[in-house]
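Peer 1: Quick one: the structure is below, and I'll ask about it shortly.
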Amino acid sequence: MEIRQFQTFKAVVDFNSFTKAAQALQYSQATITSHIQQLEEGMGVPLFDRLGKKIQLTAYGRELYTYVEELLVSYAKIKDISANEQSLQGELRIGASETITIYRLGDILSRYRACYPGVNISFVMDDCSRLREKLHDGLLDIVITLEPKLDDPNLVVEPFSTERLVFIGGRDHSFEKIEDAGGECMIFSGEHCALRRFFLRFLEKREIKPKHHLEFSSMEAIKQSVANGLGVSLMPYISVEALLNEQKVKMIACEEELLFYAQIAYHKNKWLSRAHKKFIDFMLESRDIG
């Protein structure tokens, strides 16, 4: 039995799919199937029940998975012993929200890859709540979210920037304060987005009743909809600064300052390799907490 077979087994279990495991590990599906077959032959027991197109761990597979997790952590620690700054290797599985990805991560990722080209980075962009689910499930090593301050006893959380939220409307909107926006169309992000939940609580608390609403999963689509005069939205200032400077949208006044926090988080029980620690250091070097 070889370490790559155990790596393949863990990926198949984590993704619950031979196809997705092949994509993540950059193997052919035939190779993934071969690794699992070799592992089953070596152990002399079936690890998966094949139920049509679905797979399910057998009792042997569930028991093995616990040991494989420990084995692969130990393997990563062994590899990390001899790593130096020039030869640093490993894998980073990072997740980030859309706004953070577009406006905060580009330079950091570029500098990190230039310093540590041997580290393989896999990247997922998603809503904050789903990113944290992946973190708890062990599918991601580190997540960077933009939301209210996190309070999760199972996560280590480091805020690294304070991000102002602003209300924006089209150039021709007829009111100056968001408190006077009753009856307007409100434009929300997707249902799993922390910004949407915050926006809805704000409206409810101030008894602002929208006439109707629109919903988009993309922040860029929301910005363009506002610029086209379709409604009002709440957005991070960094994401709309250019549109405001170009006078394609207008800022709507609010009686209080609204803030979100860009935060880097990882599970408290997660072993951090040198590659993980270096990435966190890169992130915290840009710390800007107001």
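Chain labels A, B, ... are given in the sequence in which chains occur in the structure tokens; within each chain residues are numbered consecutively from 1, and ligands are likewise numbered from 1 in the order shown.
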Quick check for you: according to DSSP on this backbone, which residues of stretch 69-286 of chain A are classed as alpha helix (DSSP H)? Reply as a ChimeraX atom specification.

Peer 2: /A:69-81,98-103,106-115,128-136,194-205,219-227,237-245,274-285

Peer 1: Those same residues, written as a compact mmCIF listing (two decimals), in the first residue's frame with C-alpha atoms?

Peer 2:
```
# COMPACT_ATOMS: atom_id res chain seq x y z
CA GLU A 69 -6.70 11.11 8.57
CA GLU A 70 -4.07 10.53 11.28
CA LEU A 71 -1.66 8.97 8.80
CA LEU A 72 -1.83 11.84 6.31
CA VAL A 73 -1.37 14.46 9.03
CA SER A 74 1.72 12.58 10.23
CA TYR A 75 2.95 12.29 6.65
CA ALA A 76 2.57 16.04 6.17
CA LYS A 77 4.47 16.67 9.41
CA ILE A 78 7.31 14.41 8.29
CA LYS A 79 7.58 16.25 4.97
CA ASP A 80 7.51 19.56 6.82
CA ILE A 81 10.54 18.67 8.97
CA GLU A 98 -16.30 37.09 -3.59
CA THR A 99 -15.48 40.62 -2.40
CA ILE A 100 -12.35 39.49 -0.54
CA THR A 101 -11.21 37.46 -3.55
CA ILE A 102 -11.56 40.36 -5.96
CA TYR A 103 -10.40 43.29 -3.83
CA GLY A 106 -4.90 39.18 -5.59
CA ASP A 107 -1.66 40.80 -4.46
CA ILE A 108 -1.27 38.50 -1.44
CA LEU A 109 -1.68 35.32 -3.51
CA SER A 110 0.68 36.65 -6.17
CA ARG A 111 3.44 37.42 -3.65
CA TYR A 112 2.94 34.11 -1.85
CA ARG A 113 3.25 32.09 -5.06
CA ALA A 114 6.36 34.04 -6.04
CA CYS A 115 8.00 33.20 -2.70
CA CYS A 128 -19.30 32.89 4.07
CA SER A 129 -21.62 30.37 5.76
CA ARG A 130 -20.84 27.66 3.20
CA LEU A 131 -17.12 28.35 3.48
CA ARG A 132 -17.31 27.80 7.23
CA GLU A 133 -19.22 24.55 6.69
CA LYS A 134 -16.39 23.34 4.44
CA LEU A 135 -13.90 24.39 7.10
CA HIS A 136 -15.72 22.40 9.79
CA ALA A 194 -24.02 37.29 5.47
CA LEU A 195 -24.54 40.68 3.80
CA ARG A 196 -28.12 39.79 2.85
CA ARG A 197 -28.98 38.72 6.40
CA PHE A 198 -27.45 41.93 7.78
CA PHE A 199 -29.36 44.03 5.21
CA LEU A 200 -32.68 42.37 6.06
CA ARG A 201 -32.16 42.88 9.82
CA PHE A 202 -31.33 46.55 9.19
CA LEU A 203 -34.55 47.10 7.22
CA GLU A 204 -36.66 45.23 9.77
CA LYS A 205 -35.18 47.10 12.74
CA MET A 219 -21.90 41.13 -6.40
CA GLU A 220 -20.97 42.44 -9.83
CA ALA A 221 -24.52 41.85 -11.06
CA ILE A 222 -25.89 43.75 -8.05
CA LYS A 223 -23.64 46.74 -8.75
CA GLN A 224 -24.65 46.93 -12.40
CA SER A 225 -28.34 46.62 -11.49
CA VAL A 226 -28.03 49.57 -9.11
CA ALA A 227 -26.14 51.57 -11.75
CA TYR A 237 -17.34 50.30 0.07
CA ILE A 238 -14.25 48.70 -1.50
CA SER A 239 -16.45 46.99 -4.09
CA VAL A 240 -18.24 50.17 -5.21
CA GLU A 241 -15.52 52.82 -4.77
CA ALA A 242 -14.75 52.91 -8.49
CA LEU A 243 -18.43 53.29 -9.45
CA LEU A 244 -18.83 56.11 -6.93
CA ASN A 245 -15.75 57.90 -8.26
CA ARG A 274 4.87 25.82 7.53
CA ALA A 275 3.08 26.53 4.24
CA HIS A 276 -0.15 27.28 6.14
CA LYS A 277 1.62 29.50 8.67
CA LYS A 278 3.43 31.47 5.97
CA PHE A 279 0.15 32.18 4.17
CA ILE A 280 -1.46 33.38 7.40
CA ASP A 281 1.57 35.61 7.98
CA PHE A 282 1.17 37.09 4.49
CA MET A 283 -2.48 37.84 5.23
CA LEU A 284 -1.82 39.44 8.61
CA GLU A 285 0.95 41.63 7.22
```

Peer 1: Excluding A:His213 and its own-chain neighbours fewer than 3 positions away, which residues fall within 10 Å of it when counting only C-alpha atoms? Please give them as a ChimeraX atom specification.

Peer 2: /A:184-188,210,230-233

Peer 1: Emit the selected residues as a PDB file, in the first residue's frame, including all heavy atoms.

Peer 2:
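Output file selection.pdb is given in full below:
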```
ATOM      1  N   GLU A 184     -39.123  51.534  -2.018  1.00  0.00           N
ATOM      2  CA  GLU A 184     -38.156  51.320  -3.095  1.00  0.00           C
ATOM      3  C   GLU A 184     -37.913  49.821  -3.297  1.00  0.00           C
ATOM      4  O   GLU A 184     -38.189  48.995  -2.424  1.00  0.00           O
ATOM      5  CB  GLU A 184     -36.833  52.006  -2.756  1.00  0.00           C
ATOM      6  CG  GLU A 184     -36.891  53.517  -2.744  1.00  0.00           C
ATOM      7  CD  GLU A 184     -37.090  54.082  -4.140  1.00  0.00           C
ATOM      8  OE1 GLU A 184     -36.527  53.527  -5.100  1.00  0.00           O
ATOM      9  OE2 GLU A 184     -37.820  55.090  -4.258  1.00  0.00           O
ATOM     10  N   CYS A 185     -37.354  49.474  -4.448  1.00  0.00           N
ATOM     11  CA  CYS A 185     -36.904  48.100  -4.701  1.00  0.00           C
ATOM     12  C   CYS A 185     -35.546  47.906  -4.038  1.00  0.00           C
ATOM     13  O   CYS A 185     -34.638  48.717  -4.226  1.00  0.00           O
ATOM     14  CB  CYS A 185     -36.796  47.841  -6.206  1.00  0.00           C
ATOM     15  SG  CYS A 185     -36.083  46.226  -6.617  1.00  0.00           S
ATOM     16  N   MET A 186     -35.399  46.857  -3.258  1.00  0.00           N
ATOM     17  CA  MET A 186     -34.127  46.522  -2.631  1.00  0.00           C
ATOM     18  C   MET A 186     -33.484  45.361  -3.388  1.00  0.00           C
ATOM     19  O   MET A 186     -34.169  44.405  -3.764  1.00  0.00           O
ATOM     20  CB  MET A 186     -34.320  46.159  -1.160  1.00  0.00           C
ATOM     21  CG  MET A 186     -34.945  47.274  -0.317  1.00  0.00           C
ATOM     22  SD  MET A 186     -33.858  48.709  -0.189  1.00  0.00           S
ATOM     23  CE  MET A 186     -34.946  49.884   0.634  1.00  0.00           C
ATOM     24  N   ILE A 187     -32.177  45.440  -3.566  1.00  0.00           N
ATOM     25  CA  ILE A 187     -31.448  44.413  -4.311  1.00  0.00           C
ATOM     26  C   ILE A 187     -30.553  43.660  -3.342  1.00  0.00           C
ATOM     27  O   ILE A 187     -29.641  44.239  -2.741  1.00  0.00           O
ATOM     28  CB  ILE A 187     -30.630  45.041  -5.457  1.00  0.00           C
ATOM     29  CG1 ILE A 187     -31.549  45.859  -6.370  1.00  0.00           C
ATOM     30  CG2 ILE A 187     -29.919  43.946  -6.244  1.00  0.00           C
ATOM     31  CD1 ILE A 187     -30.825  46.536  -7.519  1.00  0.00           C
ATOM     32  N   PHE A 188     -30.824  42.356  -3.196  1.00  0.00           N
ATOM     33  CA  PHE A 188     -30.128  41.521  -2.215  1.00  0.00           C
ATOM     34  C   PHE A 188     -29.160  40.555  -2.894  1.00  0.00           C
ATOM     35  O   PHE A 188     -29.337  40.176  -4.053  1.00  0.00           O
ATOM     36  CB  PHE A 188     -31.136  40.700  -1.392  1.00  0.00           C
ATOM     37  CG  PHE A 188     -32.107  41.515  -0.604  1.00  0.00           C
ATOM     38  CD1 PHE A 188     -33.476  41.399  -0.823  1.00  0.00           C
ATOM     39  CD2 PHE A 188     -31.675  42.404   0.365  1.00  0.00           C
ATOM     40  CE1 PHE A 188     -34.384  42.141  -0.097  1.00  0.00           C
ATOM     41  CE2 PHE A 188     -32.570  43.154   1.108  1.00  0.00           C
ATOM     42  CZ  PHE A 188     -33.935  43.022   0.878  1.00  0.00           C
ATOM     43  N   PRO A 210     -39.612  47.543   1.784  1.00  0.00           N
ATOM     44  CA  PRO A 210     -39.417  47.682   0.336  1.00  0.00           C
ATOM     45  C   PRO A 210     -40.678  47.323  -0.431  1.00  0.00           C
ATOM     46  O   PRO A 210     -41.489  46.493   0.008  1.00  0.00           O
ATOM     47  CB  PRO A 210     -38.290  46.685   0.038  1.00  0.00           C
ATOM     48  CG  PRO A 210     -38.319  45.708   1.151  1.00  0.00           C
ATOM     49  CD  PRO A 210     -38.840  46.431   2.349  1.00  0.00           C
ATOM     50  N   LEU A 230     -32.197  50.106 -11.076  1.00  0.00           N
ATOM     51  CA  LEU A 230     -33.202  49.093 -10.735  1.00  0.00           C
ATOM     52  C   LEU A 230     -33.542  49.050  -9.250  1.00  0.00           C
ATOM     53  O   LEU A 230     -34.517  48.407  -8.866  1.00  0.00           O
ATOM     54  CB  LEU A 230     -32.728  47.713 -11.200  1.00  0.00           C
ATOM     55  CG  LEU A 230     -32.549  47.543 -12.714  1.00  0.00           C
ATOM     56  CD1 LEU A 230     -32.089  46.128 -13.029  1.00  0.00           C
ATOM     57  CD2 LEU A 230     -33.852  47.854 -13.445  1.00  0.00           C
ATOM     58  N   GLY A 231     -32.728  49.695  -8.398  1.00  0.00           N
ATOM     59  CA  GLY A 231     -33.031  49.644  -6.981  1.00  0.00           C
ATOM     60  C   GLY A 231     -31.871  50.090  -6.120  1.00  0.00           C
ATOM     61  O   GLY A 231     -30.894  50.663  -6.604  1.00  0.00           O
ATOM     62  N   VAL A 232     -31.969  49.777  -4.831  1.00  0.00           N
ATOM     63  CA  VAL A 232     -31.005  50.183  -3.809  1.00  0.00           C
ATOM     64  C   VAL A 232     -30.369  48.938  -3.213  1.00  0.00           C
ATOM     65  O   VAL A 232     -31.039  47.910  -3.039  1.00  0.00           O
ATOM     66  CB  VAL A 232     -31.721  50.989  -2.704  1.00  0.00           C
ATOM     67  CG1 VAL A 232     -30.798  51.251  -1.516  1.00  0.00           C
ATOM     68  CG2 VAL A 232     -32.263  52.293  -3.265  1.00  0.00           C
ATOM     69  N   SER A 233     -29.092  49.041  -2.876  1.00  0.00           N
ATOM     70  CA  SER A 233     -28.447  47.887  -2.264  1.00  0.00           C
ATOM     71  C   SER A 233     -27.443  48.331  -1.210  1.00  0.00           C
ATOM     72  O   SER A 233     -27.069  49.512  -1.126  1.00  0.00           O
ATOM     73  CB  SER A 233     -27.733  47.034  -3.318  1.00  0.00           C
ATOM     74  OG  SER A 233     -27.368  45.773  -2.766  1.00  0.00           O
TER      75      SER A 233
END
```

Peer 1: Would you kindly return, as a compact mmCIF listing (two decimals) with C-alpha atoms, in the first residue's frame, each protein, DNA or RNA residue with an atom no farther than 8 Å from any atom of A:Gln38, considering only C-alpha atoms and excluding same-chain residues fewer than 3 positions away?

Peer 2:
```txt
# COMPACT_ATOMS: atom_id res chain seq x y z
CA MET A 1 0.00 0.00 0.00
CA GLN A 5 -3.65 5.36 -2.38
CA SER A 34 -7.23 1.73 -9.64
CA HIS A 35 -5.97 3.22 -6.36
CA GLU A 41 -7.03 -5.81 -2.49
CA GLY A 42 -4.23 -4.96 -0.06
```

Peer 1: Any chance you could tabulate, as CSV, the residues of stretch 148-196 of chain A at most 10 Å from stretch 254-266 of chain A with each one's nearest atom pair and distance in Å to one decimal, using only C-alpha atoms, in chain and rising number order?

Peer 2:
```
residue,atom,partner,partner_atom,distance
A:Pro148,CA,A:Phe260,CA,5.1
A:Lys149,CA,A:Tyr261,CA,6.1
A:Leu150,CA,A:Gln263,CA,8.0
A:Asp152,CA,A:Ala265,CA,9.9
A:Asn154,CA,A:Tyr266,CA,8.7
A:Leu155,CA,A:Tyr266,CA,5.6
A:Val156,CA,A:Tyr266,CA,5.5
A:Val157,CA,A:Ala265,CA,4.4
A:Glu158,CA,A:Ile264,CA,5.2
A:Pro159,CA,A:Gln263,CA,4.1
A:Phe160,CA,A:Gln263,CA,5.8
A:Ser161,CA,A:Ala262,CA,5.2
A:Thr162,CA,A:Tyr261,CA,4.8
A:Glu163,CA,A:Phe260,CA,5.2
A:Arg164,CA,A:Leu259,CA,4.7
A:Leu165,CA,A:Leu258,CA,5.3
A:Val166,CA,A:Leu258,CA,7.3
A:Phe167,CA,A:Cys254,CA,7.6
A:Glu176,CA,A:Cys254,CA,8.9
A:Lys177,CA,A:Cys254,CA,5.8
A:Ile178,CA,A:Cys254,CA,5.8
A:Glu179,CA,A:Cys254,CA,7.2
A:Asp180,CA,A:Cys254,CA,10.0
A:Ala194,CA,A:Phe260,CA,9.6
A:Leu195,CA,A:Phe260,CA,8.7
```

Peer 1: Just the number, please: distance in Å from atom CA of A:Lys268 to atom CA of A:Thr8, one decimal.

Peer 2: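 Interatomic distance here is 25.1 Å.
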
Peer 1: Need the shell around A:Lys20: protein/DNA/RNA residues with any atom at most 12 Å away, counting only C-alpha atoms. Skip same-chain ones fewer than 4 positions apart. Format as a PDB file with all heavy atoms, in the first residue's frame?

Peer 2:
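And here is the file that came out, out.pdb:
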```pdb
ATOM      1  N   THR A   8      -5.872   9.226  -2.122  1.00  0.00           N
ATOM      2  CA  THR A   8      -7.017   9.057  -3.022  1.00  0.00           C
ATOM      3  C   THR A   8      -8.253   8.627  -2.249  1.00  0.00           C
ATOM      4  O   THR A   8      -9.354   9.163  -2.454  1.00  0.00           O
ATOM      5  CB  THR A   8      -6.691   8.025  -4.107  1.00  0.00           C
ATOM      6  OG1 THR A   8      -5.630   8.516  -4.929  1.00  0.00           O
ATOM      7  CG2 THR A   8      -7.911   7.726  -4.970  1.00  0.00           C
ATOM      8  N   LYS A  10      -9.032   9.181   0.888  1.00  0.00           N
ATOM      9  CA  LYS A  10      -9.561  10.309   1.664  1.00  0.00           C
ATOM     10  C   LYS A  10     -10.295  11.295   0.761  1.00  0.00           C
ATOM     11  O   LYS A  10     -11.365  11.808   1.118  1.00  0.00           O
ATOM     12  CB  LYS A  10      -8.440  11.030   2.411  1.00  0.00           C
ATOM     13  CG  LYS A  10      -8.946  12.144   3.328  1.00  0.00           C
ATOM     14  CD  LYS A  10      -7.836  12.770   4.136  1.00  0.00           C
ATOM     15  CE  LYS A  10      -8.378  13.785   5.137  1.00  0.00           C
ATOM     16  NZ  LYS A  10      -9.170  14.861   4.536  1.00  0.00           N
ATOM     17  N   ALA A  11      -9.742  11.555  -0.422  1.00  0.00           N
ATOM     18  CA  ALA A  11     -10.397  12.492  -1.334  1.00  0.00           C
ATOM     19  C   ALA A  11     -11.747  11.965  -1.800  1.00  0.00           C
ATOM     20  O   ALA A  11     -12.725  12.712  -1.885  1.00  0.00           O
ATOM     21  CB  ALA A  11      -9.494  12.762  -2.530  1.00  0.00           C
ATOM     22  N   VAL A  12     -11.835  10.676  -2.103  1.00  0.00           N
ATOM     23  CA  VAL A  12     -13.104  10.082  -2.542  1.00  0.00           C
ATOM     24  C   VAL A  12     -14.149  10.200  -1.432  1.00  0.00           C
ATOM     25  O   VAL A  12     -15.307  10.543  -1.688  1.00  0.00           O
ATOM     26  CB  VAL A  12     -12.912   8.601  -2.951  1.00  0.00           C
ATOM     27  CG1 VAL A  12     -14.270   7.932  -3.196  1.00  0.00           C
ATOM     28  CG2 VAL A  12     -12.053   8.498  -4.206  1.00  0.00           C
ATOM     29  N   VAL A  13     -13.733   9.957  -0.190  1.00  0.00           N
ATOM     30  CA  VAL A  13     -14.663  10.062   0.935  1.00  0.00           C
ATOM     31  C   VAL A  13     -15.090  11.514   1.139  1.00  0.00           C
ATOM     32  O   VAL A  13     -16.280  11.822   1.296  1.00  0.00           O
ATOM     33  CB  VAL A  13     -14.031   9.511   2.229  1.00  0.00           C
ATOM     34  CG1 VAL A  13     -14.977   9.731   3.409  1.00  0.00           C
ATOM     35  CG2 VAL A  13     -13.716   8.031   2.071  1.00  0.00           C
ATOM     36  N   ASP A  14     -14.120  12.438   1.124  1.00  0.00           N
ATOM     37  CA  ASP A  14     -14.418  13.846   1.377  1.00  0.00           C
ATOM     38  C   ASP A  14     -15.372  14.421   0.335  1.00  0.00           C
ATOM     39  O   ASP A  14     -16.277  15.197   0.664  1.00  0.00           O
ATOM     40  CB  ASP A  14     -13.124  14.665   1.396  1.00  0.00           C
ATOM     41  CG  ASP A  14     -12.286  14.391   2.637  1.00  0.00           C
ATOM     42  OD1 ASP A  14     -12.830  13.809   3.593  1.00  0.00           O
ATOM     43  OD2 ASP A  14     -11.094  14.759   2.648  1.00  0.00           O
ATOM     44  N   PHE A  15     -15.162  14.047  -0.927  1.00  0.00           N
ATOM     45  CA  PHE A  15     -15.996  14.584  -2.007  1.00  0.00           C
ATOM     46  C   PHE A  15     -17.190  13.691  -2.319  1.00  0.00           C
ATOM     47  O   PHE A  15     -18.061  14.073  -3.100  1.00  0.00           O
ATOM     48  CB  PHE A  15     -15.161  14.771  -3.276  1.00  0.00           C
ATOM     49  CG  PHE A  15     -14.164  15.894  -3.207  1.00  0.00           C
ATOM     50  CD1 PHE A  15     -12.829  15.637  -3.001  1.00  0.00           C
ATOM     51  CD2 PHE A  15     -14.576  17.212  -3.310  1.00  0.00           C
ATOM     52  CE1 PHE A  15     -11.901  16.670  -2.928  1.00  0.00           C
ATOM     53  CE2 PHE A  15     -13.668  18.249  -3.236  1.00  0.00           C
ATOM     54  CZ  PHE A  15     -12.319  17.978  -3.045  1.00  0.00           C
ATOM     55  N   ASN A  16     -17.209  12.492  -1.708  1.00  0.00           N
ATOM     56  CA  ASN A  16     -18.269  11.522  -1.962  1.00  0.00           C
ATOM     57  C   ASN A  16     -18.439  11.278  -3.457  1.00  0.00           C
ATOM     58  O   ASN A  16     -19.552  11.094  -3.958  1.00  0.00           O
ATOM     59  CB  ASN A  16     -19.597  11.992  -1.351  1.00  0.00           C
ATOM     60  CG  ASN A  16     -20.625  10.880  -1.264  1.00  0.00           C
ATOM     61  OD1 ASN A  16     -20.260   9.717  -1.047  1.00  0.00           O
ATOM     62  ND2 ASN A  16     -21.889  11.193  -1.443  1.00  0.00           N
ATOM     63  N   ALA A  24      -9.922  16.997  -8.153  1.00  0.00           N
ATOM     64  CA  ALA A  24      -9.163  17.653  -7.082  1.00  0.00           C
ATOM     65  C   ALA A  24      -7.704  17.208  -7.073  1.00  0.00           C
ATOM     66  O   ALA A  24      -6.803  18.016  -6.845  1.00  0.00           O
ATOM     67  CB  ALA A  24      -9.815  17.369  -5.736  1.00  0.00           C
ATOM     68  N   LEU A  25      -7.465  15.920  -7.318  1.00  0.00           N
ATOM     69  CA  LEU A  25      -6.105  15.384  -7.273  1.00  0.00           C
ATOM     70  C   LEU A  25      -5.402  15.436  -8.623  1.00  0.00           C
ATOM     71  O   LEU A  25      -4.225  15.093  -8.724  1.00  0.00           O
ATOM     72  CB  LEU A  25      -6.136  13.931  -6.780  1.00  0.00           C
ATOM     73  CG  LEU A  25      -6.660  13.718  -5.362  1.00  0.00           C
ATOM     74  CD1 LEU A  25      -6.729  12.227  -5.036  1.00  0.00           C
ATOM     75  CD2 LEU A  25      -5.796  14.443  -4.340  1.00  0.00           C
ATOM     76  N   GLN A  26      -6.153  15.844  -9.660  1.00  0.00           N
ATOM     77  CA  GLN A  26      -5.619  15.929 -11.029  1.00  0.00           C
ATOM     78  C   GLN A  26      -5.131  14.567 -11.518  1.00  0.00           C
ATOM     79  O   GLN A  26      -4.073  14.436 -12.126  1.00  0.00           O
ATOM     80  CB  GLN A  26      -4.505  16.981 -11.109  1.00  0.00           C
ATOM     81  CG  GLN A  26      -4.990  18.389 -10.789  1.00  0.00           C
ATOM     82  CD  GLN A  26      -3.923  19.444 -10.962  1.00  0.00           C
ATOM     83  OE1 GLN A  26      -2.739  19.189 -10.787  1.00  0.00           O
ATOM     84  NE2 GLN A  26      -4.344  20.650 -11.317  1.00  0.00           N
ATOM     85  N   TYR A  27      -5.928  13.553 -11.222  1.00  0.00           N
ATOM     86  CA  TYR A  27      -5.733  12.201 -11.738  1.00  0.00           C
ATOM     87  C   TYR A  27      -6.847  11.905 -12.741  1.00  0.00           C
ATOM     88  O   TYR A  27      -7.895  12.556 -12.735  1.00  0.00           O
ATOM     89  CB  TYR A  27      -5.817  11.148 -10.622  1.00  0.00           C
ATOM     90  CG  TYR A  27      -4.646  11.089  -9.671  1.00  0.00           C
ATOM     91  CD1 TYR A  27      -4.839  10.653  -8.358  1.00  0.00           C
ATOM     92  CD2 TYR A  27      -3.356  11.425 -10.066  1.00  0.00           C
ATOM     93  CE1 TYR A  27      -3.780  10.571  -7.459  1.00  0.00           C
ATOM     94  CE2 TYR A  27      -2.293  11.347  -9.181  1.00  0.00           C
ATOM     95  CZ  TYR A  27      -2.510  10.918  -7.882  1.00  0.00           C
ATOM     96  OH  TYR A  27      -1.468  10.836  -7.004  1.00  0.00           O
ATOM     97  N   SER A  28      -6.637  10.888 -13.565  1.00  0.00           N
ATOM     98  CA  SER A  28      -7.739  10.389 -14.376  1.00  0.00           C
ATOM     99  C   SER A  28      -8.664   9.580 -13.471  1.00  0.00           C
ATOM    100  O   SER A  28      -8.255   9.093 -12.405  1.00  0.00           O
ATOM    101  CB  SER A  28      -7.214   9.501 -15.510  1.00  0.00           C
ATOM    102  OG  SER A  28      -6.678   8.299 -14.987  1.00  0.00           O
ATOM    103  N   GLN A  29      -9.918   9.428 -13.907  1.00  0.00           N
ATOM    104  CA  GLN A  29     -10.852   8.647 -13.091  1.00  0.00           C
ATOM    105  C   GLN A  29     -10.416   7.189 -13.030  1.00  0.00           C
ATOM    106  O   GLN A  29     -10.626   6.510 -12.024  1.00  0.00           O
ATOM    107  CB  GLN A  29     -12.269   8.770 -13.658  1.00  0.00           C
ATOM    108  CG  GLN A  29     -13.327   8.241 -12.695  1.00  0.00           C
ATOM    109  CD  GLN A  29     -14.707   8.810 -12.975  1.00  0.00           C
ATOM    110  OE1 GLN A  29     -14.843   9.810 -13.675  1.00  0.00           O
ATOM    111  NE2 GLN A  29     -15.730   8.184 -12.440  1.00  0.00           N
ATOM    112  N   ILE A  32      -7.982   6.881 -10.178  1.00  0.00           N
ATOM    113  CA  ILE A  32      -8.676   6.895  -8.891  1.00  0.00           C
ATOM    114  C   ILE A  32      -9.263   5.513  -8.604  1.00  0.00           C
ATOM    115  O   ILE A  32      -9.105   4.961  -7.508  1.00  0.00           O
ATOM    116  CB  ILE A  32      -9.800   7.955  -8.884  1.00  0.00           C
ATOM    117  CG1 ILE A  32      -9.211   9.359  -9.016  1.00  0.00           C
ATOM    118  CG2 ILE A  32     -10.654   7.834  -7.627  1.00  0.00           C
ATOM    119  CD1 ILE A  32      -8.436   9.838  -7.818  1.00  0.00           C
TER     120      ILE A  32
END
```

Peer 1: Could you give me, as a ChimeraX atom specification, each residue of stretch 121-167 of chain A that DSSP assigns to strand (DSSP E) when run on this structure's backbone?

Peer 2: /A:121-125,142-147,155-167

Peer 1: What does the distance from atom CA of A:Ser218 to atom CA of A:Val119 come to in Å, to one decimal?

Peer 2: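 Atom CA of A:Val119 lies 29.7 Å from atom CA of A:Ser218.
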
Peer 1: Of the candidates A:Glu191, A:Asp137, A:Asp49, A:Glu91, which one gets nearest to A:Pro117 if we count only C-alpha atoms?

Peer 2: A:Glu91
